[in-house]
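> Structure file data12.pdb (PDB, C-alpha atoms and all ligand atoms) is given on the next line.
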ATOM      1  CA  MET A   1      -1.478  -4.739 -24.111
ATOM      2  CA  ASN A   2       2.113  -3.644 -24.485
ATOM      3  CA  VAL A   3       5.034  -4.092 -22.183
ATOM      4  CA  GLN A   4       6.019  -0.742 -20.740
ATOM      5  CA  THR A   5       9.451   0.442 -21.820
ATOM      6  CA  ALA A   6      11.576   3.450 -20.995
ATOM      7  CA  MET A   7      10.436   4.891 -24.354
ATOM      8  CA  ASP A   8       6.867   5.541 -23.276
ATOM      9  CA  LEU A   9       7.469   6.613 -19.737
ATOM     10  CA  ASP A  10       7.130  10.338 -19.579
ATOM     11  CA  SER A  11       4.239  11.537 -21.652
ATOM     12  CA  ALA A  12       0.670  10.558 -22.262
ATOM     13  CA  PRO A  13       0.088   9.543 -25.873
ATOM     14  CA  GLY A  14      -1.677  12.081 -28.064
ATOM     15  CA  ASP A  15      -4.164  14.203 -26.157
ATOM     16  CA  ALA A  16      -4.689  11.687 -23.368
ATOM     17  CA  PRO A  17      -6.075  13.110 -20.092
ATOM     18  CA  ALA A  18      -3.645  14.498 -17.557
ATOM     19  CA  PHE A  19      -2.534  12.944 -14.308
ATOM     20  CA  ARG A  20      -4.387  13.999 -11.162
ATOM     21  CA  PRO A  21      -1.698  13.993  -8.498
ATOM     22  CA  ALA A  22      -2.713  13.603  -4.864
ATOM     23  CA  LYS A  23      -2.583  17.084  -3.360
ATOM     24  CA  GLY A  24      -3.696  16.609   0.223
ATOM     25  CA  MET A  25      -1.768  16.353   3.478
ATOM     26  CA  ARG A  26       1.465  14.367   3.426
ATOM     27  CA  TYR A  27       1.038  10.694   4.276
ATOM     28  CA  PRO A  28       3.446  10.576   7.277
ATOM     29  CA  ARG A  29       1.474  13.326   8.967
ATOM     30  CA  PHE A  30      -1.759  11.453   8.281
ATOM     31  CA  LEU A  31      -0.265   8.277   9.794
ATOM     32  CA  ASP A  32       0.905  10.220  12.848
ATOM     33  CA  ARG A  33      -2.596  11.510  13.472
ATOM     34  CA  LEU A  34      -4.241   8.165  12.766
ATOM     35  CA  HIS A  35      -2.088   6.279  15.273
ATOM     36  CA  ALA A  36      -2.516   9.058  17.822
ATOM     37  CA  SER A  37      -6.314   8.800  17.509
ATOM     38  CA  CYS A  38      -6.885   5.055  17.293
ATOM     39  CA  ALA A  39      -6.087   2.506  19.984
ATOM     40  CA  PHE A  40      -4.812  -0.323  17.810
ATOM     41  CA  SER A  41      -3.613  -3.589  19.335
ATOM     42  CA  TRP A  42      -1.427  -4.778  16.431
ATOM     43  CA  TYR A  43       0.138  -2.928  13.501
ATOM     44  CA  LEU A  44       1.806  -4.559  10.491
ATOM     45  CA  GLU A  45       4.206  -2.597   8.344
ATOM     46  CA  ILE A  46       5.664  -3.994   5.142
ATOM     47  CA  GLY A  47       8.488  -1.706   3.960
ATOM     48  CA  THR A  48      10.047   0.351   6.736
ATOM     49  CA  GLN A  49      13.313   1.742   5.395
ATOM     50  CA  LYS A  50      14.403   4.579   7.715
ATOM     51  CA  GLY A  51      11.421   4.090   9.995
ATOM     52  CA  ARG A  52       9.421   7.263   9.429
ATOM     53  CA  SER A  53       6.100   5.460   9.087
ATOM     54  CA  LEU A  54       6.942   2.961  11.841
ATOM     55  CA  GLN A  55       7.639   5.852  14.172
ATOM     56  CA  SER A  56       3.934   6.806  14.074
ATOM     57  CA  ALA A  57       2.700   3.528  15.590
ATOM     58  CA  ARG A  58       2.075   3.302  19.344
ATOM     59  CA  CYS A  59       0.804  -0.286  19.555
ATOM     60  CA  ALA A  60       2.502  -3.685  19.310
ATOM     61  CA  SER A  61       4.034  -3.759  15.844
ATOM     62  CA  ILE A  62       5.640  -5.968  13.256
ATOM     63  CA  ALA A  63       7.992  -4.361  10.741
ATOM     64  CA  VAL A  64       9.316  -6.166   7.679
ATOM     65  CA  ASP A  65      12.040  -4.948   5.327
ATOM     66  CA  PRO A  66      14.946  -6.768   3.664
ATOM     67  CA  HIS A  67      17.144  -3.697   4.198
ATOM     68  CA  PHE A  68      16.331  -1.686   7.299
ATOM     69  CA  ALA A  69      17.990   1.719   7.422
ATOM     70  CA  ILE A  70      16.559   2.928  10.733
ATOM     71  CA  SER A  71      17.827   6.343  11.629
ATOM     72  CA  SER A  72      15.477   7.458  14.385
ATOM     73  CA  ASP A  73      13.676   6.268  17.515
ATOM     74  CA  VAL A  74      11.076   3.888  16.110
ATOM     75  CA  MET A  75      10.265   2.258  19.463
ATOM     76  CA  GLY A  76       8.496   5.220  21.029
ATOM     77  CA  GLU A  77       5.544   4.015  23.160
ATOM     78  CA  LYS A  78       5.246   0.598  21.516
ATOM     79  CA  PRO A  79       4.878  -2.235  24.051
ATOM     80  CA  ALA A  80       6.498  -4.594  21.520
ATOM     81  CA  LEU A  81       8.245  -4.313  18.172
ATOM     82  CA  HIS A  82       9.158  -7.373  16.133
ATOM     83  CA  SER A  83      11.457  -6.590  13.222
ATOM     84  CA  PHE A  84      12.054  -9.007  10.379
ATOM     85  CA  GLN A  85      14.941  -8.143   8.072
ATOM     86  CA  MET A  86      13.737 -10.137   5.101
ATOM     87  CA  THR A  87      11.302  -9.869   2.213
ATOM     88  CA  SER A  88       7.619  -9.977   3.031
ATOM     89  CA  ASP A  89       7.321 -13.354   1.287
ATOM     90  CA  ALA A  90      10.045 -14.773   3.526
ATOM     91  CA  PHE A  91       8.309 -13.266   6.551
ATOM     92  CA  PHE A  92       4.978 -14.901   5.654
ATOM     93  CA  GLU A  93       6.798 -18.250   5.506
ATOM     94  CA  THR A  94       8.068 -17.894   9.078
ATOM     95  CA  GLY A  95       4.545 -18.495  10.395
ATOM     96  CA  PHE A  96       5.227 -15.954  13.168
ATOM     97  CA  VAL A  97       1.790 -14.367  12.902
ATOM     98  CA  GLU A  98      -0.068 -17.678  12.960
ATOM     99  CA  LYS A  99       2.043 -19.139  15.784
ATOM    100  CA  ASN A 100       1.359 -16.115  17.954
ATOM    101  CA  GLY A 101      -2.331 -15.766  17.107
ATOM    102  CA  ILE A 102      -1.837 -12.178  15.920
ATOM    103  CA  ALA A 103      -4.590 -10.252  14.109
ATOM    104  CA  PHE A 104      -3.865  -6.793  12.721
ATOM    105  CA  ASP A 105      -6.050  -3.764  13.336
ATOM    106  CA  PHE A 106      -4.058  -1.782  10.828
ATOM    107  CA  ALA A 107      -1.531  -2.694   8.143
ATOM    108  CA  PHE A 108       0.531  -0.300   6.041
ATOM    109  CA  LEU A 109       1.814  -1.886   2.842
ATOM    110  CA  ASP A 110       4.781   0.014   1.430
ATOM    111  CA  GLY A 111       7.275  -2.671   0.395
ATOM    112  CA  MET A 112       8.241  -3.780  -3.107
ATOM    113  CA  HIS A 113       6.436  -1.584  -5.625
ATOM    114  CA  ARG A 114       5.472  -4.250  -8.101
ATOM    115  CA  PHE A 115       1.807  -5.124  -8.218
ATOM    116  CA  GLU A 116       2.192  -8.860  -7.680
ATOM    117  CA  PHE A 117       4.193  -8.216  -4.485
ATOM    118  CA  LEU A 118       1.595  -5.787  -3.181
ATOM    119  CA  LEU A 119      -1.145  -8.236  -4.097
ATOM    120  CA  ARG A 120       0.571 -10.944  -2.019
ATOM    121  CA  ASP A 121       1.144  -8.494   0.834
ATOM    122  CA  PHE A 122      -2.529  -7.553   0.666
ATOM    123  CA  MET A 123      -3.688 -11.188   0.669
ATOM    124  CA  PHE A 124      -1.575 -11.913   3.763
ATOM    125  CA  ALA A 125      -2.686  -8.780   5.586
ATOM    126  CA  GLU A 126      -6.341  -9.486   4.852
ATOM    127  CA  ALA A 127      -6.052 -13.122   5.939
ATOM    128  CA  HIS A 128      -4.704 -11.892   9.299
ATOM    129  CA  ALA A 129      -6.891  -8.855   9.800
ATOM    130  CA  ALA A 130      -8.693  -8.322  13.087
ATOM    131  CA  PRO A 131     -12.457  -7.716  12.939
ATOM    132  CA  GLY A 132     -12.901  -4.147  11.693
ATOM    133  CA  GLY A 133      -9.254  -4.025  10.573
ATOM    134  CA  VAL A 134      -8.079  -1.706   7.808
ATOM    135  CA  ILE A 135      -5.254  -2.028   5.271
ATOM    136  CA  ALA A 136      -3.512   1.017   3.778
ATOM    137  CA  MET A 137      -1.681   0.657   0.475
ATOM    138  CA  HIS A 138       0.850   3.304  -0.440
ATOM    139  CA  ASP A 139       1.906   4.705  -3.835
ATOM    140  CA  CYS A 140      -1.090   3.545  -5.872
ATOM    141  CA  CYS A 141      -1.659   7.022  -7.385
ATOM    142  CA  PRO A 142       1.321   7.888  -9.591
ATOM    143  CA  SER A 143       1.726  11.340 -11.082
ATOM    144  CA  SER A 144       3.738  10.404 -14.175
ATOM    145  CA  PHE A 145       4.169   7.395 -16.421
ATOM    146  CA  GLY A 146       7.884   7.384 -15.632
ATOM    147  CA  MET A 147       7.331   6.528 -11.997
ATOM    148  CA  THR A 148       5.223   3.485 -12.930
ATOM    149  CA  ALA A 149       8.128   1.552 -14.496
ATOM    150  CA  ARG A 150       8.336  -1.959 -13.096
ATOM    151  CA  ASN A 151      12.094  -1.616 -12.704
ATOM    152  CA  GLN A 152      13.137   1.154 -10.373
ATOM    153  CA  ASP A 153      16.246   1.941 -12.392
ATOM    154  CA  GLU A 154      14.048   2.741 -15.404
ATOM    155  CA  ALA A 155      12.167   5.435 -13.487
ATOM    156  CA  PRO A 156      13.562   8.818 -14.512
ATOM    157  CA  THR A 157      13.340  10.329 -11.022
ATOM    158  CA  SER A 158      13.841   9.036  -7.505
ATOM    159  CA  ALA A 159      10.037   8.995  -7.093
ATOM    160  CA  TRP A 160       9.131   5.419  -7.978
ATOM    161  CA  THR A 161       5.664   3.999  -7.466
ATOM    162  CA  GLY A 162       6.171   1.027  -9.750
ATOM    163  CA  ASP A 163       2.983  -0.540 -11.038
ATOM    164  CA  VAL A 164       1.099  -0.913  -7.759
ATOM    165  CA  TRP A 165      -1.599   1.380  -9.241
ATOM    166  CA  LYS A 166      -3.008  -1.889 -10.617
ATOM    167  CA  LEU A 167      -4.282  -2.848  -7.163
ATOM    168  CA  ILE A 168      -7.066  -0.279  -7.475
ATOM    169  CA  PRO A 169      -8.655  -1.739 -10.641
ATOM    170  CA  ILE A 170      -7.876  -5.303  -9.540
ATOM    171  CA  LEU A 171      -9.629  -4.953  -6.182
ATOM    172  CA  ARG A 172     -12.478  -2.960  -7.679
ATOM    173  CA  THR A 173     -13.094  -5.707 -10.225
ATOM    174  CA  HIS A 174     -12.417  -8.850  -8.249
ATOM    175  CA  ARG A 175     -13.376  -7.763  -4.744
ATOM    176  CA  PRO A 176     -16.418  -5.531  -5.030
ATOM    177  CA  ASP A 177     -17.234  -6.562  -1.461
ATOM    178  CA  LEU A 178     -14.320  -4.426  -0.203
ATOM    179  CA  THR A 179     -14.534  -0.689   0.415
ATOM    180  CA  LEU A 180     -11.730   1.359  -1.116
ATOM    181  CA  THR A 181     -11.179   4.889   0.147
ATOM    182  CA  VAL A 182      -8.483   6.646  -1.857
ATOM    183  CA  LEU A 183      -7.123   9.454   0.294
ATOM    184  CA  ASP A 184      -5.439  12.388  -1.428
ATOM    185  CA  CYS A 185      -2.316  12.082   0.723
ATOM    186  CA  ARG A 186       0.758  13.534  -0.939
ATOM    187  CA  PRO A 187       2.737  12.509  -2.788
ATOM    188  CA  THR A 188       1.129   9.391  -4.262
ATOM    189  CA  GLY A 189      -2.096   8.676  -2.412
ATOM    190  CA  LEU A 190      -3.077   6.286   0.352
ATOM    191  CA  VAL A 191      -5.665   3.627  -0.409
ATOM    192  CA  LEU A 192      -7.586   2.462   2.644
ATOM    193  CA  VAL A 193      -9.254  -0.908   2.274
ATOM    194  CA  SER A 194     -11.990  -1.786   4.744
ATOM    195  CA  GLY A 195     -14.728  -4.410   4.983
ATOM    196  CA  LEU A 196     -11.952  -7.033   4.980
ATOM    197  CA  ASP A 197     -12.844 -10.706   4.909
ATOM    198  CA  PRO A 198     -10.052 -12.908   6.284
ATOM    199  CA  GLN A 199     -11.901 -16.000   5.034
ATOM    200  CA  SER A 200     -12.003 -14.861   1.432
ATOM    201  CA  ARG A 201     -10.051 -17.020  -1.041
ATOM    202  CA  ILE A 202     -10.998 -15.057  -4.147
ATOM    203  CA  LEU A 203      -7.611 -13.406  -4.663
ATOM    204  CA  GLN A 204      -5.635 -16.492  -3.679
ATOM    205  CA  ASP A 205      -7.612 -18.609  -6.143
ATOM    206  CA  SER A 206      -7.187 -16.149  -9.010
ATOM    207  CA  TYR A 207      -3.621 -15.009  -8.163
ATOM    208  CA  ALA A 208      -1.868 -16.842 -11.047
ATOM    209  CA  LYS A 209      -4.425 -15.581 -13.547
ATOM    210  CA  LEU A 210      -4.226 -12.019 -12.253
ATOM    211  CA  GLU A 211      -0.432 -12.072 -12.279
ATOM    212  CA  ALA A 212      -0.356 -13.196 -15.918
ATOM    213  CA  GLU A 213      -3.174 -10.902 -17.005
ATOM    214  CA  TRP A 214      -1.792  -7.710 -15.477
ATOM    215  CA  ARG A 215       1.977  -8.125 -15.587
ATOM    216  CA  ASP A 216       2.541  -6.406 -18.934
ATOM    217  CA  VAL A 217      -0.245  -3.856 -18.715
ATOM    218  CA  ALA A 218       1.212  -0.349 -18.854
ATOM    219  CA  LEU A 219      -0.727   2.568 -17.396
ATOM    220  CA  ALA A 220      -0.416   4.474 -20.691
ATOM    221  CA  ASP A 221      -2.168   1.595 -22.453
ATOM    222  CA  TYR A 222      -4.704   0.995 -19.711
ATOM    223  CA  GLY A 223      -5.582   4.672 -19.947
ATOM    224  CA  LEU A 224      -5.625   7.445 -17.390
ATOM    225  CA  GLU A 225      -9.321   8.097 -17.923
ATOM    226  CA  ARG A 226     -10.110   4.470 -17.183
ATOM    227  CA  PHE A 227      -7.810   4.518 -14.163
ATOM    228  CA  TYR A 228      -9.365   7.670 -12.700
ATOM    229  CA  GLY A 229     -12.771   6.178 -13.469
ATOM    230  CA  CYS A 230     -12.003   3.617 -10.732
ATOM    231  CA  PHE A 231     -11.992   6.138  -7.884
ATOM    232  CA  GLU A 232     -12.337   9.668  -6.647
ATOM    233  CA  TYR A 233      -9.972  11.122  -4.110
ATOM    234  CA  ALA A 234     -11.271  11.596  -0.586
ATOM    235  CA  ASP A 235      -9.869  14.574   1.317
ATOM    236  CA  ALA A 236      -7.511  13.178   3.974
ATOM    237  CA  ARG A 237      -7.841  16.259   6.144
ATOM    238  CA  ASN A 238     -11.648  15.971   6.208
ATOM    239  CA  PHE A 239     -11.346  12.247   6.890
ATOM    240  CA  MET A 240      -9.171  13.099   9.866
ATOM    241  CA  ARG A 241     -11.493  15.848  11.064
ATOM    242  CA  ASP A 242     -14.413  13.412  10.828
ATOM    243  CA  GLY A 243     -12.621  11.216  13.373
ATOM    244  CA  PHE A 244     -11.160   8.579  11.030
ATOM    245  CA  PRO A 245     -14.375   6.825   9.980
ATOM    246  CA  LEU A 246     -13.794   3.175   8.949
ATOM    247  CA  PHE A 247     -11.438   2.685  11.882
ATOM    248  CA  LYS A 248     -13.076   0.879  14.755
ATOM    249  CA  SER A 249     -11.600   3.104  17.423
ATOM    250  CA  GLY A 250     -11.789   6.200  15.277
TER     251      GLY A 250
HETATM  252  C1  LIG B   1       9.332   3.351   0.218
HETATM  253  S1  LIG B   1      10.315   2.465   1.310
HETATM  254  C2  LIG B   1       9.349   2.401   2.778
HETATM  255  C3  LIG B   1       9.168   3.734   3.423
HETATM  256  C4  LIG B   1       8.498   3.718   4.777
HETATM  257  N1  LIG B   1       7.283   2.929   4.788
HETATM  258  C5  LIG B   1       8.136   5.141   5.196
HETATM  259  O1  LIG B   1       7.053   5.622   4.807
HETATM  260  O2  LIG B   1       8.897   5.743   5.923
HETATM  261  C6  LIG B   1      10.141   0.858   0.661
HETATM  262  C7  LIG B   1      10.879  -0.209   1.439
HETATM  263  O3  LIG B   1      10.426  -1.479   0.971
HETATM  264  C8  LIG B   1      11.472  -2.372   1.140
HETATM  265  N2  LIG B   1      11.254  -3.567   0.329
HETATM  266  C9  LIG B   1      11.681  -3.834  -0.918
HETATM  267  N3  LIG B   1      11.318  -5.067  -1.291
HETATM  268  C10 LIG B   1      10.617  -5.586  -0.260
HETATM  269  C11 LIG B   1       9.984  -6.838  -0.040
HETATM  270  N4  LIG B   1       9.973  -7.794  -0.970
HETATM  271  N5  LIG B   1       9.371  -7.035   1.146
HETATM  272  C12 LIG B   1       9.362  -6.067   2.105
HETATM  273  N6  LIG B   1       9.945  -4.873   1.939
HETATM  274  C13 LIG B   1      10.562  -4.640   0.780
HETATM  275  C14 LIG B   1      12.714  -1.592   0.735
HETATM  276  O4  LIG B   1      13.878  -2.158   1.292
HETATM  277  C15 LIG B   1      12.403  -0.197   1.251
HETATM  278  O5  LIG B   1      13.047   0.028   2.478
END
What does this structure look like when you write it as structure tokens?
Ligand SMILES: C[S@@+](CC[C@H](N)C(=O)[O-])C[C@H]1O[C@@H](n2cnc3c(N)ncnc32)[C@H](O)[C@@H]1O

Amino acid sequence: MNVQTAMDLDSAPGDAPAFRPAKGMRYPRFLDRLHASCAFSWYLEIGTQKGRSLQSARCASIAVDPHFAISSDVMGEKPALHSFQMTSDAFFETGFVEKNGIAFDFAFLDGMHRFEFLLRDFMFAEAHAAPGGVIAMHDCCPSSFGMTARNQDEAPTSAWTGDVWKLIPILRTHRPDLTLTVLDCRPTGLVLVSGLDPQSRILQDSYAKLEAEWRDVALADYGLERFYGCFEYADARNFMRDGFPLFKSG
């Protein structure tokens, strides 16, 4: 499959099927309601930026970002907030989670938008998930080819999802034991992963192969029809009204 270039970013080739953008409630609102409804003990956030998503959490939290740009009260009701101004890979190396015996009830992965980074973030979050824990992955449902460029400066607009869309087919194929619920949260979806198995080594053992296999796969070549064949959107508002099924305290 071809390497994606700026040339093929904005239009589907020929009469390829159209994008199906997520059209449900906005993801920060969903996160607000989720945290307000569920009594989590520990929350992990990879990618915090100004702190909008971190603001939602009410439990003990860990936030990781190499460039925090906090501009609001992110402490709120949290009994503890540990901030790590470094990449997620550097954070994993600190051993902080292991040393403190922390297990996450909920993790929101919204850091570097390249699939191999999200895959590593996912592997770490799963390995440290509490029983019944859930991982949310952001930006896996792009609405244009342009926003899927691996390099942010090649994306024609400020909306950049990178190529983290690949996590949906990768997990579907290699981890059929997991449950993926793709919420229609605007603007670019929210993928909830439940049925986590902290003991699983499947992704760790096939990481190098997956990285090589998927690195140069462009969404235009993979095909929108094939991509949308991997999932159907679930209505985030209904999910909320149903009391956040999947979440142990939901
Ligand atoms: C889209 S923003 C996060 C937005 C935030 N979660 C929200 O919803 O309000 C992505 C963040 O990921 C951070 N980031 C980039 N590379 C990263 C890495 N390797 N590890 C962790 N965070 C990273 C960026 O600095 C940026 O602040």
> Residues within 8 Å of A:Cys230, please, as a PyMOL selection string. Count all atoms listed in the file; anything in the same chain fewer than 6 positions from it doesn't count.
chain A and resi 168-169+172
> Just want the residues within 8 Å of ligand LIG 1 (chain B), written as a ChimeraX atom specification, counting all atoms listed in the file.
/A:27-28,45-54,64-69,86-89,108-113,117
> Those same residues - C-alpha atoms - I'd like them written as a PDB file, keeping the file's coordinate frame.

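So selection.pdb came out as:
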ATOM      1  CA  TYR A  27       1.038  10.694   4.276  1.00  0.00           C
ATOM      2  CA  PRO A  28       3.446  10.576   7.277  1.00  0.00           C
ATOM      3  CA  GLU A  45       4.206  -2.597   8.344  1.00  0.00           C
ATOM      4  CA  ILE A  46       5.664  -3.994   5.142  1.00  0.00           C
ATOM      5  CA  GLY A  47       8.488  -1.706   3.960  1.00  0.00           C
ATOM      6  CA  THR A  48      10.047   0.351   6.736  1.00  0.00           C
ATOM      7  CA  GLN A  49      13.313   1.742   5.395  1.00  0.00           C
ATOM      8  CA  LYS A  50      14.403   4.579   7.715  1.00  0.00           C
ATOM      9  CA  GLY A  51      11.421   4.090   9.995  1.00  0.00           C
ATOM     10  CA  ARG A  52       9.421   7.263   9.429  1.00  0.00           C
ATOM     11  CA  SER A  53       6.100   5.460   9.087  1.00  0.00           C
ATOM     12  CA  LEU A  54       6.942   2.961  11.841  1.00  0.00           C
ATOM     13  CA  VAL A  64       9.316  -6.166   7.679  1.00  0.00           C
ATOM     14  CA  ASP A  65      12.040  -4.948   5.327  1.00  0.00           C
ATOM     15  CA  PRO A  66      14.946  -6.768   3.664  1.00  0.00           C
ATOM     16  CA  HIS A  67      17.144  -3.697   4.198  1.00  0.00           C
ATOM     17  CA  PHE A  68      16.331  -1.686   7.299  1.00  0.00           C
ATOM     18  CA  ALA A  69      17.990   1.719   7.422  1.00  0.00           C
ATOM     19  CA  MET A  86      13.737 -10.137   5.101  1.00  0.00           C
ATOM     20  CA  THR A  87      11.302  -9.869   2.213  1.00  0.00           C
ATOM     21  CA  SER A  88       7.619  -9.977   3.031  1.00  0.00           C
ATOM     22  CA  ASP A  89       7.321 -13.354   1.287  1.00  0.00           C
ATOM     23  CA  PHE A 108       0.531  -0.300   6.041  1.00  0.00           C
ATOM     24  CA  LEU A 109       1.814  -1.886   2.842  1.00  0.00           C
ATOM     25  CA  ASP A 110       4.781   0.014   1.430  1.00  0.00           C
ATOM     26  CA  GLY A 111       7.275  -2.671   0.395  1.00  0.00           C
ATOM     27  CA  MET A 112       8.241  -3.780  -3.107  1.00  0.00           C
ATOM     28  CA  HIS A 113       6.436  -1.584  -5.625  1.00  0.00           C
ATOM     29  CA  PHE A 117       4.193  -8.216  -4.485  1.00  0.00           C
TER      30      PHE A 117
END
> Please write the residues picked by the PyMOL selection byres (((chain A and resi 189) around 12) and not hetatm) on this file as an NGL selection string.
:A and (20-28 or 30 or 110 or 136-143 or 161 or 164-165 or 168 or 181-188 or 190-192 or 231-236)
> Where does stretch 112-211 of chain A meet stretch 239-248 of chain A within 10 Å, residue by residue, with the nearest atom pair and distance in Å to one decimal for each, counting only C-alpha atoms, listed by chain and rising number, as a tab-separated table?

residue	atom	partner	partner_atom	distance
A:Pro131	CA	A:Lys248	CA	8.8
A:Gly132	CA	A:Lys248	CA	5.9
A:Gly133	CA	A:Phe247	CA	7.2
A:Val134	CA	A:Phe247	CA	6.9
A:Thr179	CA	A:Leu246	CA	9.4
A:Thr181	CA	A:Leu246	CA	9.3
A:Leu183	CA	A:Phe239	CA	8.3
A:Leu192	CA	A:Leu246	CA	8.9
A:Val193	CA	A:Leu246	CA	9.0
A:Ser194	CA	A:Leu246	CA	6.7
A:Gly195	CA	A:Leu246	CA	8.6
> May I ask which of the residues A:Tyr228, A:Trp214, A:Tyr222, A:Trp42 is the closest one to A:Asn100, counting all atoms listed in the file?
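Smallest distance to A:Asn100 is found for A:Trp42.
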> Find, counting only C-alpha atoms, the residue in A:Leu171, A:Cys38, A:Ile62, A:Leu118 that gets nearest to A:Phe96.
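Smallest separation from A:Phe96 among the options: A:Ile62.
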> With distances taken over only C-alpha atoms, which residue among A:Thr157, A:Gln204, A:Asn238, A:Gln55 lies nearest A:Arg120?
A:Gln204
> From the list A:Ala18, A:Ser37, A:Pro156, A:His82, which residue is nearest A:Phe227 when using all atoms listed in the file?
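When distances to A:Phe227 are compared using all atoms listed in the file, the smallest one comes from A:Ala18.
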> Provide the atom CA of A:His128 to atom CA of A:Glu93 distance in Å, to one decimal place.
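These two atoms are separated by 13.7 Å.
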> Would you mind reading off the distance between atom CA of A:Gly162 and atom CA of A:Gly146, one decimal, in Å?
8.8 Å
> Step by step, gather every atom of stretch 224-242 of chain A that the file lists, find the box along x, y and z that holds them, add 3 Å on each side, and finally give centre and edge lengths in Å to one decimal, as AutoDock Vina command-line options.

--center_x -10.0 --center_y 9.9 --center_z -3.4 --size_x 14.8 --size_y 18.6 --size_z 35.0
> Tell me which of A:Ser206, A:Phe124, A:Ala149, A:Lys78 sits closest to A:Gly95, counting only C-alpha atoms.
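The closest residue to A:Gly95 is A:Phe124.
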> Determine, counting only C-alpha atoms, which protein, DNA and RNA residues have an atom within 10 Å of an atom of A:Ala57; residues of the same chain fewer than 4 positions away are not included. Present the result as a list in words.
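Near neighbours after the sequence-gap exclusion: Leu31, Asp32, Arg33, Leu34, His35, Ala36, Cys38, Ala39, Phe40, Trp42, Tyr43, Leu44, Glu45, Arg52, Ser53, Ser61, Val74, Met75, Gly76, Glu77, Lys78, Leu81 and Phe106 of chain A.
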